[in-house]
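So this block is run_27.pdb, PDB, C-alpha atoms and all ligand atoms:
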```pdb
ATOM      1  CA  MET A   1      17.856  36.167  26.611
ATOM      2  CA  HIS A   2      14.560  37.501  25.232
ATOM      3  CA  LYS A   3      16.114  38.198  21.881
ATOM      4  CA  SER A   4      17.350  34.641  21.511
ATOM      5  CA  ILE A   5      13.897  33.284  22.396
ATOM      6  CA  ILE A   6      12.336  35.498  19.740
ATOM      7  CA  LYS A   7      14.973  34.410  17.213
ATOM      8  CA  PHE A   8      14.395  30.792  18.100
ATOM      9  CA  THR A   9      10.589  31.092  17.783
ATOM     10  CA  PHE A  10      10.983  32.849  14.470
ATOM     11  CA  ALA A  11      13.290  30.119  13.163
ATOM     12  CA  VAL A  12      10.855  27.398  14.247
ATOM     13  CA  LEU A  13       7.953  29.219  12.586
ATOM     14  CA  LEU A  14       9.952  29.644   9.411
ATOM     15  CA  ILE A  15      10.830  25.944   9.255
ATOM     16  CA  ALA A  16       7.212  24.975   9.993
ATOM     17  CA  THR A  17       5.815  27.248   7.259
ATOM     18  CA  SER A  18       8.311  26.296   4.583
ATOM     19  CA  SER A  19       7.857  22.562   5.229
ATOM     20  CA  ASN A  20       4.070  23.048   4.886
ATOM     21  CA  VAL A  21       4.635  24.724   1.547
ATOM     22  CA  VAL A  22       6.845  21.835   0.388
ATOM     23  CA  MET A  23       4.202  19.302   1.574
ATOM     24  CA  ALA A  24       1.406  21.122  -0.264
ATOM     25  CA  GLN A  25       3.486  21.322  -3.422
ATOM     26  CA  GLU A  26       4.351  17.622  -3.218
ATOM     27  CA  ASN A  27       0.675  16.821  -2.800
ATOM     28  CA  GLU A  28      -0.284  18.886  -5.861
ATOM     29  CA  ASP A  29       2.470  17.274  -7.980
ATOM     30  CA  GLY A  30       1.368  13.849  -6.739
ATOM     31  CA  ARG A  31      -2.213  14.519  -7.842
ATOM     32  CA  ARG A  32      -0.988  15.553 -11.292
ATOM     33  CA  TYR A  33       1.344  12.544 -11.795
ATOM     34  CA  GLY A  34      -1.457  10.327 -10.465
ATOM     35  CA  ASN A  35      -3.956  11.339 -13.203
ATOM     36  CA  PHE A  36      -2.721   8.486 -15.339
ATOM     37  CA  CYS A  37      -3.375   5.944 -12.590
ATOM     38  CA  SER A  38      -7.064   6.754 -12.153
ATOM     39  CA  SER A  39      -8.285   4.594 -15.057
ATOM     40  CA  CYS A  40      -7.460   1.549 -12.909
ATOM     41  CA  HIS A  41      -7.075   2.770  -9.324
ATOM     42  CA  GLY A  42     -10.085   5.139  -9.427
ATOM     43  CA  THR A  43     -10.195   8.938  -9.260
ATOM     44  CA  ALA A  44      -8.902   9.173  -5.702
ATOM     45  CA  GLY A  45      -7.481   5.670  -5.401
ATOM     46  CA  ALA A  46     -10.728   3.697  -4.866
ATOM     47  CA  ALA A  47     -10.143   0.798  -7.280
ATOM     48  CA  VAL A  48     -12.512   0.078 -10.167
ATOM     49  CA  SER A  49     -12.068  -3.731 -10.261
ATOM     50  CA  ASP A  50     -11.851  -6.519  -7.669
ATOM     51  CA  ALA A  51      -8.340  -7.486  -8.849
ATOM     52  CA  ILE A  52      -6.867  -3.973  -8.620
ATOM     53  CA  PRO A  53      -5.907  -2.629  -5.183
ATOM     54  CA  SER A  54      -7.400   0.521  -3.711
ATOM     55  CA  ILE A  55      -4.563   2.893  -2.889
ATOM     56  CA  GLY A  56      -6.385   6.042  -1.699
ATOM     57  CA  GLY A  57      -5.929   6.310   2.078
ATOM     58  CA  GLN A  58      -3.349   3.485   2.141
ATOM     59  CA  HIS A  59      -0.403   4.162   4.500
ATOM     60  CA  LYS A  60       2.244   6.369   2.914
ATOM     61  CA  ASP A  61       5.268   4.328   4.072
ATOM     62  CA  PHE A  62       3.762   1.146   2.663
ATOM     63  CA  LEU A  63       2.903   2.854  -0.652
ATOM     64  CA  ILE A  64       6.462   4.168  -1.058
ATOM     65  CA  THR A  65       8.051   0.783  -0.281
ATOM     66  CA  SER A  66       5.699  -1.176  -2.503
ATOM     67  CA  MET A  67       6.108   1.181  -5.478
ATOM     68  CA  LEU A  68       9.890   1.345  -5.198
ATOM     69  CA  GLU A  69      10.038  -2.446  -4.907
ATOM     70  CA  MET A  70       8.040  -2.814  -8.131
ATOM     71  CA  LYS A  71      10.156  -0.256 -10.019
ATOM     72  CA  PRO A  72      13.015  -1.947 -11.898
ATOM     73  CA  GLN A  73      16.302  -0.401 -10.662
ATOM     74  CA  VAL A  74      19.253   0.115 -12.964
ATOM     75  CA  VAL A  75      22.653  -0.921 -11.549
ATOM     76  CA  ASP A  76      25.805  -0.392 -13.670
ATOM     77  CA  GLY A  77      23.627   0.229 -16.703
ATOM     78  CA  LYS A  78      21.794  -3.069 -16.242
ATOM     79  CA  GLU A  79      18.134  -3.327 -15.346
ATOM     80  CA  GLN A  80      17.584  -5.523 -12.283
ATOM     81  CA  ALA A  81      14.522  -7.695 -11.689
ATOM     82  CA  PRO A  82      12.228  -5.771  -9.317
ATOM     83  CA  LYS A  83      12.122  -6.999  -5.706
ATOM     84  CA  ARG A  84       8.348  -7.274  -5.844
ATOM     85  CA  TYR A  85       6.536  -9.169  -8.604
ATOM     86  CA  SER A  86       3.804  -7.379 -10.566
ATOM     87  CA  THR A  87       1.979  -8.011 -13.818
ATOM     88  CA  LEU A  88       1.694  -4.388 -14.909
ATOM     89  CA  MET A  89       3.123  -1.956 -12.447
ATOM     90  CA  GLN A  90       6.801  -2.650 -13.176
ATOM     91  CA  ILE A  91       6.258  -1.334 -16.712
ATOM     92  CA  PHE A  92       4.567   1.877 -15.557
ATOM     93  CA  PHE A  93       7.005   2.691 -12.745
ATOM     94  CA  LYS A  94       9.969   2.622 -15.138
ATOM     95  CA  GLY A  95       8.746   6.018 -16.321
ATOM     96  CA  TYR A  96       8.616   7.645 -12.864
ATOM     97  CA  SER A  97      11.518   8.959 -10.760
ATOM     98  CA  GLU A  98      11.805   8.182  -7.049
ATOM     99  CA  ASP A  99      10.706  11.740  -6.182
ATOM    100  CA  GLU A 100       7.653  11.457  -8.418
ATOM    101  CA  ILE A 101       6.742   8.139  -6.787
ATOM    102  CA  LYS A 102       7.069   9.724  -3.322
ATOM    103  CA  ALA A 103       4.862  12.646  -4.395
ATOM    104  CA  MET A 104       2.170  10.219  -5.618
ATOM    105  CA  ALA A 105       2.389   8.265  -2.331
ATOM    106  CA  ASP A 106       1.907  11.541  -0.484
ATOM    107  CA  TRP A 107      -1.186  12.443  -2.480
ATOM    108  CA  TYR A 108      -2.843   9.018  -2.516
ATOM    109  CA  SER A 109      -2.251   8.456   1.210
ATOM    110  CA  SER A 110      -3.993  11.769   1.975
ATOM    111  CA  ARG A 111      -7.230  10.633   0.233
ATOM    112  CA  PRO A 112      -9.999   8.826   2.155
ATOM    113  CA  TRP A 113      -9.904   5.007   2.369
ATOM    114  CA  VAL A 114     -13.019   3.733   0.551
ATOM    115  CA  PRO A 115     -13.953   0.090   1.352
ATOM    116  CA  THR A 116     -14.816  -1.946  -1.742
ATOM    117  CA  ASN A 117     -18.475  -2.347  -2.715
ATOM    118  CA  TYR A 118     -17.702  -5.451  -4.790
ATOM    119  CA  PRO A 119     -20.291  -8.192  -4.021
ATOM    120  CA  LEU A 120     -18.683 -10.758  -1.698
ATOM    121  CA  ASN A 121     -19.247 -14.495  -1.273
ATOM    122  CA  GLN A 122     -20.817 -14.728   2.224
ATOM    123  CA  ASP A 123     -19.923 -18.388   2.573
ATOM    124  CA  LEU A 124     -16.218 -17.581   2.112
ATOM    125  CA  VAL A 125     -16.497 -14.578   4.445
ATOM    126  CA  ASN A 126     -17.830 -16.886   7.194
ATOM    127  CA  LYS A 127     -15.068 -19.427   6.571
ATOM    128  CA  GLY A 128     -12.472 -16.686   6.861
ATOM    129  CA  LYS A 129     -14.017 -15.453  10.091
ATOM    130  CA  ALA A 130     -13.796 -18.980  11.531
ATOM    131  CA  SER A 131     -10.154 -19.485  10.438
ATOM    132  CA  ALA A 132      -7.807 -20.692  13.166
ATOM    133  CA  ASN A 133      -5.175 -18.291  11.764
ATOM    134  CA  LEU A 134      -7.303 -15.163  11.995
ATOM    135  CA  ASP A 135      -5.909 -14.043  15.378
ATOM    136  CA  THR A 136      -2.367 -14.133  13.968
ATOM    137  CA  CYS A 137      -3.366 -11.827  11.107
ATOM    138  CA  THR A 138      -5.217  -9.371  13.331
ATOM    139  CA  SER A 139      -2.323  -9.216  15.838
ATOM    140  CA  CYS A 140      -0.469  -7.161  13.193
ATOM    141  CA  HIS A 141      -3.224  -5.843  10.899
ATOM    142  CA  GLY A 142      -5.699  -4.901  13.677
ATOM    143  CA  THR A 143      -9.145  -6.427  14.315
ATOM    144  CA  ASP A 144     -10.689  -4.374  11.497
ATOM    145  CA  GLY A 145      -7.690  -4.964   9.185
ATOM    146  CA  ASN A 146      -6.846  -1.276   9.294
ATOM    147  CA  ASN A 147      -3.996  -0.894  11.806
ATOM    148  CA  ILE A 148      -3.277   2.820  11.684
ATOM    149  CA  GLU A 149      -0.368   2.903  14.126
ATOM    150  CA  ASP A 150       2.256   1.021  12.118
ATOM    151  CA  THR A 151       2.429   2.723   8.734
ATOM    152  CA  GLY A 152       4.544  -0.100   7.260
ATOM    153  CA  ILE A 153       1.642  -2.541   7.731
ATOM    154  CA  PRO A 154      -0.859  -2.031   4.908
ATOM    155  CA  ARG A 155      -4.587  -1.523   5.354
ATOM    156  CA  ILE A 156      -6.410  -4.671   4.246
ATOM    157  CA  GLY A 157      -9.879  -4.158   5.806
ATOM    158  CA  GLY A 158     -12.187  -3.356   2.875
ATOM    159  CA  GLN A 159      -9.464  -3.933   0.241
ATOM    160  CA  THR A 160     -10.605  -5.582  -3.017
ATOM    161  CA  PRO A 161     -11.010  -9.393  -2.573
ATOM    162  CA  THR A 162      -9.256 -10.879  -5.623
ATOM    163  CA  TYR A 163      -6.299  -8.543  -5.145
ATOM    164  CA  LEU A 164      -5.964  -9.609  -1.486
ATOM    165  CA  TYR A 165      -5.943 -13.275  -2.458
ATOM    166  CA  HIS A 166      -3.281 -12.730  -5.152
ATOM    167  CA  ALA A 167      -1.167 -10.731  -2.709
ATOM    168  CA  LEU A 168      -1.297 -13.605  -0.180
ATOM    169  CA  LEU A 169      -0.226 -16.087  -2.861
ATOM    170  CA  GLU A 170       2.688 -13.808  -3.780
ATOM    171  CA  TYR A 171       3.990 -13.880  -0.193
ATOM    172  CA  LYS A 172       3.455 -17.633  -0.060
ATOM    173  CA  ASN A 173       5.381 -18.160  -3.329
ATOM    174  CA  ASN A 174       8.264 -15.776  -2.472
ATOM    175  CA  LYS A 175       7.287 -13.258  -5.152
ATOM    176  CA  ARG A 176       7.610 -10.272  -2.843
ATOM    177  CA  ASN A 177      10.827  -8.896  -1.366
ATOM    178  CA  ALA A 178      11.654 -11.864   0.816
ATOM    179  CA  ASP A 179      14.426 -10.142   2.797
ATOM    180  CA  GLY A 180      12.434  -6.982   3.498
ATOM    181  CA  ARG A 181       9.237  -6.419   5.489
ATOM    182  CA  ALA A 182       7.608  -9.283   3.565
ATOM    183  CA  LEU A 183       9.372 -11.562   6.092
ATOM    184  CA  GLU A 184       6.611 -10.636   8.523
ATOM    185  CA  MET A 185       4.160 -12.408   6.202
ATOM    186  CA  ASP A 186       5.950 -15.775   6.453
ATOM    187  CA  VAL A 187       2.961 -17.156   8.392
ATOM    188  CA  VAL A 188       1.042 -17.577   5.090
ATOM    189  CA  LYS A 189       3.486 -20.278   3.971
ATOM    190  CA  GLU A 190       1.803 -22.733   6.384
ATOM    191  CA  ILE A 191      -1.755 -21.911   5.246
ATOM    192  CA  SER A 192      -3.632 -23.685   2.401
ATOM    193  CA  ASP A 193      -4.662 -21.670  -0.684
ATOM    194  CA  GLU A 194      -8.296 -22.414   0.130
ATOM    195  CA  GLU A 195      -8.017 -20.894   3.598
ATOM    196  CA  LEU A 196      -6.124 -17.869   2.223
ATOM    197  CA  ARG A 197      -8.989 -17.323  -0.230
ATOM    198  CA  ALA A 198     -11.442 -17.281   2.691
ATOM    199  CA  LEU A 199      -9.254 -14.941   4.775
ATOM    200  CA  ALA A 200      -8.999 -12.572   1.788
ATOM    201  CA  GLU A 201     -12.802 -12.519   1.432
ATOM    202  CA  TYR A 202     -13.238 -11.933   5.175
ATOM    203  CA  PHE A 203     -10.792  -8.993   5.320
ATOM    204  CA  SER A 204     -12.429  -7.540   2.229
ATOM    205  CA  SER A 205     -15.774  -7.513   4.080
ATOM    206  CA  LEU A 206     -14.457  -5.454   7.020
ATOM    207  CA  ARG A 207     -15.374  -1.773   7.414
TER     208      ARG A 207
HETATM  209  C1  LIG A 301      -3.852  -0.693 -16.241
HETATM  210  C2  LIG A 301      -4.238  -0.621 -14.847
HETATM  211  C3  LIG A 301      -3.297   0.098 -13.876
HETATM  212  C4  LIG A 301      -2.759   1.379 -13.979
HETATM  213  C5  LIG A 301      -2.927   2.388 -15.110
HETATM  214  C6  LIG A 301      -1.990   1.588 -12.761
HETATM  215  N1  LIG A 301      -2.072   0.496 -11.934
HETATM  216 FE1  LIG A 301      -1.226   0.292 -10.091
HETATM  217  N2  LIG A 301      -1.828  -1.643  -9.995
HETATM  218  C7  LIG A 301      -2.553  -2.307 -10.986
HETATM  219  C8  LIG A 301      -2.583  -3.751 -10.686
HETATM  220  C9  LIG A 301      -3.279  -4.824 -11.498
HETATM  221  C10 LIG A 301      -1.855  -3.903  -9.473
HETATM  222  C11 LIG A 301      -1.501  -5.218  -8.762
HETATM  223  C12 LIG A 301      -0.036  -5.545  -9.084
HETATM  224  C13 LIG A 301       0.156  -6.005 -10.529
HETATM  225  O1  LIG A 301      -0.252  -7.115 -10.842
HETATM  226  O2  LIG A 301       0.709  -5.229 -11.342
HETATM  227  C14 LIG A 301      -1.421  -2.561  -9.066
HETATM  228  C15 LIG A 301      -0.683  -2.305  -7.899
HETATM  229  C16 LIG A 301      -0.355  -1.036  -7.459
HETATM  230  C17 LIG A 301       0.176  -0.726  -6.134
HETATM  231  C18 LIG A 301       0.421  -1.707  -4.996
HETATM  232  C19 LIG A 301      -0.658  -1.541  -3.951
HETATM  233  C20 LIG A 301      -0.522  -2.437  -2.765
HETATM  234  O3  LIG A 301      -1.503  -2.538  -1.989
HETATM  235  O4  LIG A 301       0.528  -3.042  -2.572
HETATM  236  C21 LIG A 301       0.400   0.623  -6.111
HETATM  237  C22 LIG A 301       0.924   1.431  -4.948
HETATM  238  C23 LIG A 301       0.010   1.156  -7.413
HETATM  239  N3  LIG A 301      -0.444   0.111  -8.209
HETATM  240  C24 LIG A 301       0.113   2.492  -7.767
HETATM  241  C25 LIG A 301      -0.132   2.957  -9.067
HETATM  242  C26 LIG A 301       0.188   4.293  -9.510
HETATM  243  C27 LIG A 301       0.766   5.367  -8.636
HETATM  244  C28 LIG A 301      -0.171   4.362 -10.845
HETATM  245  C29 LIG A 301       0.040   5.505 -11.805
HETATM  246  C30 LIG A 301       1.409   5.890 -12.022
HETATM  247  C31 LIG A 301      -0.737   3.076 -11.215
HETATM  248  N4  LIG A 301      -0.676   2.239 -10.120
HETATM  249  C32 LIG A 301      -1.270   2.761 -12.456
HETATM  250  C33 LIG A 301      -3.152  -1.715 -12.090
HETATM  251  C34 LIG A 301      -2.843  -0.449 -12.591
HETATM  252  C1  LIG A 302       4.051 -10.016  12.051
HETATM  253  C2  LIG A 302       3.060  -9.117  11.485
HETATM  254  C3  LIG A 302       2.113  -9.655  10.410
HETATM  255  C4  LIG A 302       1.321 -10.781  10.460
HETATM  256  C5  LIG A 302       1.229 -11.840  11.571
HETATM  257  C6  LIG A 302       0.547 -10.777   9.221
HETATM  258  N1  LIG A 302       0.879  -9.689   8.457
HETATM  259 FE1  LIG A 302       0.116  -9.251   6.624
HETATM  260  N2  LIG A 302       1.548  -7.806   6.389
HETATM  261  C7  LIG A 302       2.458  -7.404   7.352
HETATM  262  C8  LIG A 302       3.396  -6.479   6.744
HETATM  263  C9  LIG A 302       4.552  -5.767   7.454
HETATM  264  C10 LIG A 302       3.020  -6.345   5.383
HETATM  265  C11 LIG A 302       3.729  -5.525   4.312
HETATM  266  C12 LIG A 302       4.914  -6.324   3.776
HETATM  267  C13 LIG A 302       5.529  -5.724   2.550
HETATM  268  O1  LIG A 302       6.039  -4.586   2.658
HETATM  269  O2  LIG A 302       5.459  -6.372   1.492
HETATM  270  C14 LIG A 302       1.846  -7.194   5.200
HETATM  271  C15 LIG A 302       1.161  -7.323   3.994
HETATM  272  C16 LIG A 302      -0.050  -8.007   3.845
HETATM  273  C17 LIG A 302      -0.853  -8.013   2.638
HETATM  274  C18 LIG A 302      -0.555  -7.265   1.345
HETATM  275  C19 LIG A 302      -1.462  -6.076   1.202
HETATM  276  C20 LIG A 302      -1.242  -5.289  -0.053
HETATM  277  O3  LIG A 302      -1.857  -4.211  -0.184
HETATM  278  O4  LIG A 302      -0.479  -5.689  -0.934
HETATM  279  C21 LIG A 302      -1.930  -8.829   2.897
HETATM  280  C22 LIG A 302      -3.078  -9.153   1.949
HETATM  281  C23 LIG A 302      -1.794  -9.325   4.253
HETATM  282  N3  LIG A 302      -0.643  -8.812   4.796
HETATM  283  C24 LIG A 302      -2.685 -10.185   4.893
HETATM  284  C25 LIG A 302      -2.375 -10.911   6.038
HETATM  285  C26 LIG A 302      -3.117 -12.078   6.516
HETATM  286  C27 LIG A 302      -4.387 -12.623   5.876
HETATM  287  C28 LIG A 302      -2.452 -12.547   7.638
HETATM  288  C29 LIG A 302      -2.754 -13.764   8.454
HETATM  289  C30 LIG A 302      -2.702 -15.051   7.744
HETATM  290  C31 LIG A 302      -1.309 -11.639   7.858
HETATM  291  N4  LIG A 302      -1.299 -10.676   6.872
HETATM  292  C32 LIG A 302      -0.404 -11.746   8.904
HETATM  293  C33 LIG A 302       2.479  -7.830   8.666
HETATM  294  C34 LIG A 302       1.855  -8.994   9.124
END
```

Give the structure from the file, written as structure tokens.
Amino acid sequence: MHKSIIKFTFAVLLIATSSNVVMAQENEDGRRYGNFCSSCHGTAGAAVSDAIPSIGGQHKDFLITSMLEMKPQVVDGKEQAPKRYSTLMQIFFKGYSEDEIKAMADWYSSRPWVPTNYPLNQDLVNKGKASANLDTCTSCHGTDGNNIEDTGIPRIGGQTPTYLYHALLEYKNNKRNADGRALEMDVVKEISDEELRALAEYFSSLR
């Protein structure tokens, strides 16, 4: 009886230690692969422009899905159109394997989330705050835009403003994986571009 408990404890400890080692290694690899990304996404994922998303501290599940959806997949030797539209990222992700992408997601998600310090248009922020659709957004994204319980719902509180607006237009115009989790964003199809611009500015202002 005692022996089996000791064996069991030992096995659990062994699994726990070796998975920590794998995690740490993945994190280190992710940092290395991510060096290239820092010219745009910042040293630890805090973006350097208002049209580039911050990715440091973003939820890991969301980062993995969004990167894999932007990576063109090859089926029967033919390159397929990526499920998620992007101007640049589809070109870069061609050069990374799925494991490398997962390692980068692991590293970036473990960095702190740094809200943008880009100067915002206060008039638009106020319009966004007064939007009749705001409660719908916060029911999923959280009142501060940073729902931390559902890791498939991205952080948007403090995200860069122009990027947020473009992202909303992509959901509205079916440019993101329409049969995946993007379905949850269908609400934006009923909202005018002007109001989406204001909502983007408002969420960008949250801390
Ligand atoms: C030349 C600038 C540039 C470089 C370098 C770059 N990115 Fe991006 N990234 C962008 C832009 C711009 C977008 C918005 C999508 C688009 O239009 O391509 C983006 C989008 C993303 C997103 C989606 C974020 C979200 O909120 O959905 C992720 C994740 C990402 N990049 C990760 C990376 C990683 C990892 C690397 C390095 C392998 C990298 N990027 C290199 C500019 C860049
Ligand atoms: C039913 C839940 C739900 C509602 C309601 C919702 N969202 Fe989302 N939102 C999501 C999910 C899930 C994703 C990620 C989808 C994907 O994987 O592409 C997302 C993605 C986003 C993104 C993309 C972020 C990025 O980094 O690329 C933005 C911006 C956004 N939502 C803003 C809003 C706004 C503004 C509203 C209100 C008009 C709203 N959402 C309503 C669940 C929701």

Nearby residues (all atoms listed in the file) at most 7 Å from Pro72 of chain A, same-chain spacing under 3 positions excluded, as a PDB file with C-alpha atoms, in the coordinates of the input:
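Writing the result to part.pdb gives the following:
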```
ATOM      1  CA  GLU A  79      18.134  -3.327 -15.346  1.00  0.00           C
ATOM      2  CA  GLN A  80      17.584  -5.523 -12.283  1.00  0.00           C
ATOM      3  CA  ALA A  81      14.522  -7.695 -11.689  1.00  0.00           C
ATOM      4  CA  PRO A  82      12.228  -5.771  -9.317  1.00  0.00           C
ATOM      5  CA  GLN A  90       6.801  -2.650 -13.176  1.00  0.00           C
ATOM      6  CA  LYS A  94       9.969   2.622 -15.138  1.00  0.00           C
TER       7      LYS A  94
END
```

Close residues, segment 194-201 of chain A itself excluded, 12 Å, all atoms listed in the file, min 3 positions apart in chain, as a PyMOL selection string: chain A and resi 50-51+116+118-138+145+156-172+187-191+204-206

Carefully work through the PyMOL selection byres (((chain A and resi 101) around 9) and not hetatm) for this structure and note down the residues it includes, as JSON, numbers by chain. {"A": [30, 33, 63, 64, 67, 68, 93, 96, 97, 98, 99, 100, 102, 103, 104, 105, 106]}

Ground truth for the PyMOL selection byres (((chain A and resi 46) around 8) and not hetatm), written as a ChimeraX atom specification: /A:41-45,47-48,53-56,113-116

Put the listed atoms of ligand LIG 302 (chain A) in a box along x, y and z with 5 Å added on every side and give me the centre and edge lengths in Å to one decimal, as AutoDock Vina command-line options.
```
--center_x 0.8 --center_y -9.6 --center_z 5.6 --size_x 20.4 --size_y 20.8 --size_z 23.0
```

Distance of atom CA of Gln73 of chain A from atom C11 of ligand LIG 302 (chain A), expressed in Å to one decimal place: 20.2 Å

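Between atom C8 of ligand LIG 301 (chain A) and atom CA of Cys40 of chain A there is a distance of 7.5 Å.
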
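For the choices A:Ala178, A:Cys37, A:Ile153, A:Met185, the atom-to-atom distance to Phe62 of chain A is smallest for A:Ile153 when using only C-alpha atoms.
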
So how many Å separate atom C30 of ligand LIG 302 (chain A) and atom CA of Arg176 of chain A, to one decimal? 15.5 Å

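Within the file as shown, the PyMOL selection byres (((chain A and resi 83-87) around 6) and not hetatm) identifies Glu69, Met70, Pro82, Leu88, Met89, Lys175, Arg176 and Asn177 of chain A.
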
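Distances to ligand LIG 302 (chain A) were evaluated for A:Glu184, A:Glu28, A:Asp193, A:Asp144 using only C-alpha atoms and all ligand atoms, and the minimum falls at A:Glu184.
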
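Of the residues listed (A:Gly57, A:Gly34, A:Pro112, A:Gly77), A:Gly57 shows the shortest atom-to-atom separation from ligand LIG 302 (chain A); distances use all atoms listed in the file.
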
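Ranking A:Asp186, A:Asn117, A:Ser66, A:Thr143 by their shortest atom-to-atom distance to Ser49 of chain A, with all atoms listed in the file included, puts A:Asn117 first.
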
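Taking all atoms listed in the file into account, ligand LIG 301 (chain A) lies nearest to A:Arg155 out of the set A:Arg181, A:Arg207, A:Arg111, A:Arg155.
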
Under the rule that only C-alpha atoms and all ligand atoms are counted, which of A:Asn174, A:Asp29, A:Ser192, A:Ile52 is the nearest residue to ligand LIG 301 (chain A)? A:Ile52
